[in-house]
Amino acid sequence: QHYFIQSNLRVMYLSLGVALIFPVASYLIINFLLFLQRRSFRHIPSLPIPWSFQWFKGHEPEFSRRVQADRNKHKGIVMGEMVPEGNSTINILFLYNQGLILVTDVPIIAKLMTDRKVYTKRPLFGIWDSMDGVRIGGKYGLIGDIGSEVWAAKRRVEDKAFSKGALKETMEGMIRISHSFIDAMQRKADANETFDMNGPLTLSAMQTIAKCGFELTDEVIKEQTDLILDALNAANVCMGLNMKDPVGFRMPWKYKHEKAEMRKYVVPVREFIKRTLTADMERVRNKNTIVAHLIRAHDVSDQLTLDDIVDEWVIFFAAGMETTATTMAGVVWHLVRHPDVYQKVQDEVDRVYGDKEDLEFDDLNQLVYLEMVIKESLRLKGPAPVVAKQMADDMSVTVNDWYFPKDSKFTILVHKIHRDPLYWDDPLKFNPERFAPGKQITPFSYMPFSAGQRNCVGRHFAMVEMKVLLSQLVRNFVVTNGRPSETDLILTGDFTQYPMGGIYVNIRNRNV
């Protein structure tokens, strides 16, 4: 009996020892591997990481603390604020096993944006593939693809959707939508009420991309609007959680409500898109619209399926709606707080329109000051505060004496560069004259649409759309500040930014 007890005790002690040794050994191995990884970036300035039991988390605890302190602030802006003023233009942030190189050095950015040998893909966009088993944007879209030959061939085809000829055809539809927008503004003027301009701008941006880009009818748009908006919102929420807490997001018991909402709305939207494409594919294939070029772009490879076209549809629709609406909201916010600028825009619009009811395509180039205002608003309140890039996993590079090992991940702090006094005099001041014809802007110090070979494919489409809608607004109405006490436009969002509290204005007819 004594021997039996002794044997059981030995087994128990051995089991207990193994139970203790295994997690301790795992913890030490993980920390050692992280130490080796971080050591490869030791030449890049970094915030100190306190030696503690949580050392393996890197800067994540401080990052999370700052995010929790201001949940509405974009995570990319939080990253930029973690770098003390006066620090190097290159810094690195460690989040668990991810080393994110934060860049505000414009010459290095130029290299990252233009040299095809330096990078092949964008990090973070793996979340576009799918989340919690729900397909979002897939692997082969213009955003998520790693830069393959298929991607390059598709981009060449899709670029044609935004050629001068295609935009000229599309502008007719934009003008019709601007008339509907003006009718809605007239009802607001008749009601003499303070209202949030962001709602009508978002609806107009959605109608523009839906009708002019994807040839959806008024009935379909009306029927699907709420579902599409709910799907985009649910996907954005989950993408934000995935970026902030990539480990926790993969745990089935965490964020159950948010995942359920995403599944509830995204899956039906993808099915709606698939039905629409199947029914209309042959009818629209040879047209000059965005959806037609998306269809033709997928003829470049037999590896691409109908689901890949759906992926591209989702990406183009989301990007074409939300970012354009946010930009127009920012323009209105600045105009109503700068009456002198508003008057200059109105004088230019009156001169260009003359006695015409609508703009002609060639008139767009004459709206020079309006474009200056749009560009300055994008500089201060753009929807994309950061750009993410990743080097090829088989190549290291040295740029301006900085060595970057293979597979390095970069976060370009666009928000911070747009406010850097090195490139902008009095950078926090709203001053459209910065973009006057002939003024020199340092290359890659202004990147509201990203830059290089993977810049925003729809940037010209967006500019035409904004000029048409905003020129109609200032031509027909006087818009004034509905909340003079608000001194700053607060943007929020996890992926792209949008106005948090609305753009409240009053509006009246110009002839009153």
# chains A, B, ... in the order shown; residues from 1 in each chain; ligands from 1
>>> select_by_dssp(residues="region 18-89 of chain A", states="alpha helix (DSSP H)", output="PyMOL selection string")
chain A and resi 18-39+60-69+75-82
>>> write_last_selection(atoms="C-alpha atoms", output="JSON list (two decimals), in the first residue's frame")
[["chain", "number", "residue", "atom", "x", "y", "z"],
["A", 18, "VAL", "CA", 5.08, 18.66, -16.94],
["A", 19, "ALA", "CA", 1.98, 20.84, -16.58],
["A", 20, "LEU", "CA", 4.13, 23.67, -15.23],
["A", 21, "ILE", "CA", 7.13, 23.20, -17.50],
["A", 22, "PHE", "CA", 5.16, 23.14, -20.77],
["A", 23, "PRO", "CA", 3.55, 26.62, -20.49],
["A", 24, "VAL", "CA", 6.71, 28.11, -19.02],
["A", 25, "ALA", "CA", 8.80, 26.62, -21.82],
["A", 26, "SER", "CA", 6.29, 27.79, -24.42],
["A", 27, "TYR", "CA", 6.31, 31.28, -22.93],
["A", 28, "LEU", "CA", 10.12, 31.40, -22.98],
["A", 29, "ILE", "CA", 10.32, 30.07, -26.55],
["A", 30, "ILE", "CA", 7.75, 32.59, -27.79],
["A", 31, "ASN", "CA", 9.59, 35.45, -26.10],
["A", 32, "PHE", "CA", 12.91, 34.26, -27.49],
["A", 33, "LEU", "CA", 11.53, 34.12, -31.04],
["A", 34, "LEU", "CA", 10.00, 37.57, -30.60],
["A", 35, "PHE", "CA", 13.33, 38.83, -29.28],
["A", 36, "LEU", "CA", 15.09, 37.57, -32.41],
["A", 37, "GLN", "CA", 12.43, 39.12, -34.64],
["A", 38, "ARG", "CA", 12.59, 42.48, -32.89],
["A", 39, "ARG", "CA", 16.37, 42.37, -32.88],
["A", 60, "GLU", "CA", -0.03, 46.64, -27.67],
["A", 61, "PRO", "CA", -0.98, 47.51, -24.05],
["A", 62, "GLU", "CA", -0.15, 51.19, -24.57],
["A", 63, "PHE", "CA", -1.84, 51.16, -27.99],
["A", 64, "SER", "CA", -5.00, 49.60, -26.51],
["A", 65, "ARG", "CA", -4.99, 52.09, -23.63],
["A", 66, "ARG", "CA", -4.94, 55.00, -26.06],
["A", 67, "VAL", "CA", -7.62, 53.41, -28.24],
["A", 68, "GLN", "CA", -9.87, 52.88, -25.23],
["A", 69, "ALA", "CA", -9.28, 56.48, -24.13],
["A", 75, "LYS", "CA", -6.28, 53.50, -35.11],
["A", 76, "GLY", "CA", -3.77, 54.87, -37.64],
["A", 77, "ILE", "CA", -3.94, 58.32, -36.06],
["A", 78, "VAL", "CA", -3.45, 56.73, -32.62],
["A", 79, "MET", "CA", -0.29, 55.06, -33.93],
["A", 80, "GLY", "CA", 1.02, 58.38, -35.20],
["A", 81, "GLU", "CA", 0.33, 60.04, -31.84],
["A", 82, "MET", "CA", 2.39, 57.39, -30.06]]
>>> residues_around(residues="Glu357 (chain A)", least_positions_apart="2", cutoff="12 Å", atoms="only C-alpha atoms", output="PyMOL selection string")
chain A and resi 175-176+178-179+349-350+352-355+359-360+468+471-472+475-476
>>> write_last_selection(atoms="N, CA and C atoms", output="short mmCIF file (atom, residue, chain, number, x, y, z; two decimals), in the first residue's frame")
data_model
loop_
_atom_site.label_atom_id
_atom_site.label_comp_id
_atom_site.auth_asym_id
_atom_site.auth_seq_id
_atom_site.Cartn_x
_atom_site.Cartn_y
_atom_site.Cartn_z
N ILE A 175 -25.31 64.20 -63.35
CA ILE A 175 -26.11 65.43 -63.38
C ILE A 175 -27.55 65.13 -62.98
N ARG A 176 -28.11 64.03 -63.46
CA ARG A 176 -29.48 63.68 -63.07
C ARG A 176 -29.58 63.46 -61.56
N SER A 178 -27.64 64.82 -59.35
CA SER A 178 -27.50 66.13 -58.70
C SER A 178 -28.83 66.88 -58.68
N HIS A 179 -29.67 66.67 -59.70
CA HIS A 179 -30.99 67.30 -59.70
C HIS A 179 -31.84 66.76 -58.56
N VAL A 349 -18.41 79.37 -59.78
CA VAL A 349 -19.49 78.52 -60.29
C VAL A 349 -20.43 79.35 -61.17
N ASP A 350 -20.79 80.55 -60.72
CA ASP A 350 -21.68 81.41 -61.52
C ASP A 350 -21.05 81.72 -62.87
N VAL A 352 -18.76 79.95 -64.54
CA VAL A 352 -18.64 78.76 -65.40
C VAL A 352 -20.00 78.32 -65.92
N TYR A 353 -21.03 78.36 -65.07
CA TYR A 353 -22.37 77.95 -65.52
C TYR A 353 -22.95 78.97 -66.51
N GLY A 354 -22.77 80.25 -66.20
CA GLY A 354 -23.40 81.25 -67.05
C GLY A 354 -24.91 81.08 -67.05
N ASP A 355 -25.50 81.00 -68.25
CA ASP A 355 -26.95 80.81 -68.37
C ASP A 355 -27.32 79.34 -68.52
N LEU A 359 -23.64 71.74 -66.11
CA LEU A 359 -22.27 71.76 -66.61
C LEU A 359 -22.13 70.86 -67.82
N GLU A 360 -21.20 71.23 -68.70
CA GLU A 360 -20.74 70.32 -69.74
C GLU A 360 -19.40 69.75 -69.29
N VAL A 468 -19.63 68.19 -59.80
CA VAL A 468 -21.00 68.32 -60.28
C VAL A 468 -21.94 68.62 -59.12
N SER A 471 -21.02 72.03 -57.05
CA SER A 471 -21.27 73.24 -57.84
C SER A 471 -22.77 73.52 -57.91
N GLN A 472 -23.58 72.48 -58.03
CA GLN A 472 -25.04 72.67 -58.02
C GLN A 472 -25.51 73.20 -56.67
N ARG A 475 -24.48 76.89 -56.31
CA ARG A 475 -25.14 77.71 -57.33
C ARG A 475 -26.58 78.03 -56.94
N ASN A 476 -27.25 77.08 -56.28
CA ASN A 476 -28.67 77.24 -55.99
C ASN A 476 -28.98 77.73 -54.58
#
>>> closest_residue(among="A:Ile412, A:Val267, A:Ala462, A:Leu304", to="Glu322 (chain A)", atoms="only C-alpha atoms")
A:Ala462
>>> closest_residue(among="A:Glu371, A:Glu172, A:Asp105, A:Glu465", to="Ala436 (chain A)", atoms="only C-alpha atoms")
A:Glu371
>>> closest_residue(among="A:Val103, A:Ile90, A:Val397, A:Val479", to="Gln343 (chain A)", atoms="only C-alpha atoms")
A:Val479
>>> residues_around(residues="His415 (chain A)", least_positions_apart="4", cutoff="9 Å", atoms="only C-alpha atoms", output="list in words")
Gly76, Ile77, Gly80, Arg379, Leu380, Lys381, Gly382, Ala384, Pro385, Val386 and Arg419 of chain A
>>> residues_around(residues="region 240-250 of chain A", least_positions_apart="4", cutoff="9 Å", atoms="only C-alpha atoms", output="ChimeraX atom specification")
/A:64,67,75,124,127,131-132,235-236,254-255,493-495
>>> closest_residue(among="A:Gln390, A:Ser445, A:Thr217, A:Asn286", to="Leu102 (chain A)", atoms="only C-alpha atoms")
A:Gln390
>>> atom_distance(atom1="CA of Met466 (chain A)", atom2="CA of Ile374 (chain A)")
8.4 Å
>>> select_by_dssp(residues="region 251-433 of chain A", states="strand (DSSP E or B)", output="PyMOL selection string")
chain A and resi 387-391+397-399+402-404+409-412
>>> write_last_selection(atoms="N, CA and C atoms", output="PDB file, in the first residue's frame")
ATOM      1  N   VAL A 387      -1.782  54.688 -45.093  1.00  0.00           N
ATOM      2  CA  VAL A 387      -1.659  53.747 -46.206  1.00  0.00           C
ATOM      3  C   VAL A 387      -0.739  52.624 -45.740  1.00  0.00           C
ATOM      4  N   ALA A 388      -1.128  51.398 -45.969  1.00  0.00           N
ATOM      5  CA  ALA A 388      -0.327  50.254 -45.528  1.00  0.00           C
ATOM      6  C   ALA A 388       0.336  49.584 -46.728  1.00  0.00           C
ATOM      7  N   LYS A 389       1.594  49.198 -46.565  1.00  0.00           N
ATOM      8  CA  LYS A 389       2.357  48.520 -47.610  1.00  0.00           C
ATOM      9  C   LYS A 389       3.153  47.381 -46.982  1.00  0.00           C
ATOM     10  N   GLN A 390       3.535  46.421 -47.807  1.00  0.00           N
ATOM     11  CA  GLN A 390       4.359  45.313 -47.322  1.00  0.00           C
ATOM     12  C   GLN A 390       5.351  44.911 -48.405  1.00  0.00           C
ATOM     13  N   MET A 391       6.598  44.723 -48.003  1.00  0.00           N
ATOM     14  CA  MET A 391       7.631  44.301 -48.947  1.00  0.00           C
ATOM     15  C   MET A 391       7.459  42.835 -49.313  1.00  0.00           C
ATOM     16  N   VAL A 397      15.779  45.523 -48.563  1.00  0.00           N
ATOM     17  CA  VAL A 397      16.142  46.710 -49.333  1.00  0.00           C
ATOM     18  C   VAL A 397      16.726  47.761 -48.402  1.00  0.00           C
ATOM     19  N   THR A 398      17.601  48.590 -48.951  1.00  0.00           N
ATOM     20  CA  THR A 398      18.128  49.738 -48.231  1.00  0.00           C
ATOM     21  C   THR A 398      17.687  51.003 -48.959  1.00  0.00           C
ATOM     22  N   VAL A 399      17.026  51.894 -48.233  1.00  0.00           N
ATOM     23  CA  VAL A 399      16.529  53.142 -48.802  1.00  0.00           C
ATOM     24  C   VAL A 399      17.052  54.289 -47.951  1.00  0.00           C
ATOM     25  N   TRP A 402      18.552  53.471 -44.714  1.00  0.00           N
ATOM     26  CA  TRP A 402      17.731  52.667 -43.812  1.00  0.00           C
ATOM     27  C   TRP A 402      17.604  51.263 -44.406  1.00  0.00           C
ATOM     28  N   TYR A 403      17.937  50.259 -43.607  1.00  0.00           N
ATOM     29  CA  TYR A 403      17.826  48.874 -44.055  1.00  0.00           C
ATOM     30  C   TYR A 403      16.510  48.285 -43.568  1.00  0.00           C
ATOM     31  N   PHE A 404      15.751  47.698 -44.499  1.00  0.00           N
ATOM     32  CA  PHE A 404      14.489  47.055 -44.161  1.00  0.00           C
ATOM     33  C   PHE A 404      14.561  45.588 -44.548  1.00  0.00           C
ATOM     34  N   LYS A 409       6.662  45.410 -42.892  1.00  0.00           N
ATOM     35  CA  LYS A 409       5.328  45.998 -43.018  1.00  0.00           C
ATOM     36  C   LYS A 409       5.404  47.484 -42.682  1.00  0.00           C
ATOM     37  N   PHE A 410       4.827  48.306 -43.546  1.00  0.00           N
ATOM     38  CA  PHE A 410       4.904  49.750 -43.384  1.00  0.00           C
ATOM     39  C   PHE A 410       3.508  50.341 -43.186  1.00  0.00           C
ATOM     40  N   THR A 411       3.423  51.299 -42.292  1.00  0.00           N
ATOM     41  CA  THR A 411       2.221  52.116 -42.158  1.00  0.00           C
ATOM     42  C   THR A 411       2.634  53.556 -42.438  1.00  0.00           C
ATOM     43  N   ILE A 412       2.189  54.076 -43.567  1.00  0.00           N
ATOM     44  CA  ILE A 412       2.530  55.442 -43.965  1.00  0.00           C
ATOM     45  C   ILE A 412       1.513  56.380 -43.323  1.00  0.00           C
TER      46      ILE A 412
END
>>> residues_around(residues="Glu282 (chain A)", least_positions_apart="4", cutoff="10 Å", atoms="only C-alpha atoms", output="VMD selection string")
chain A and resid 277 to 278 286 to 287 292 295
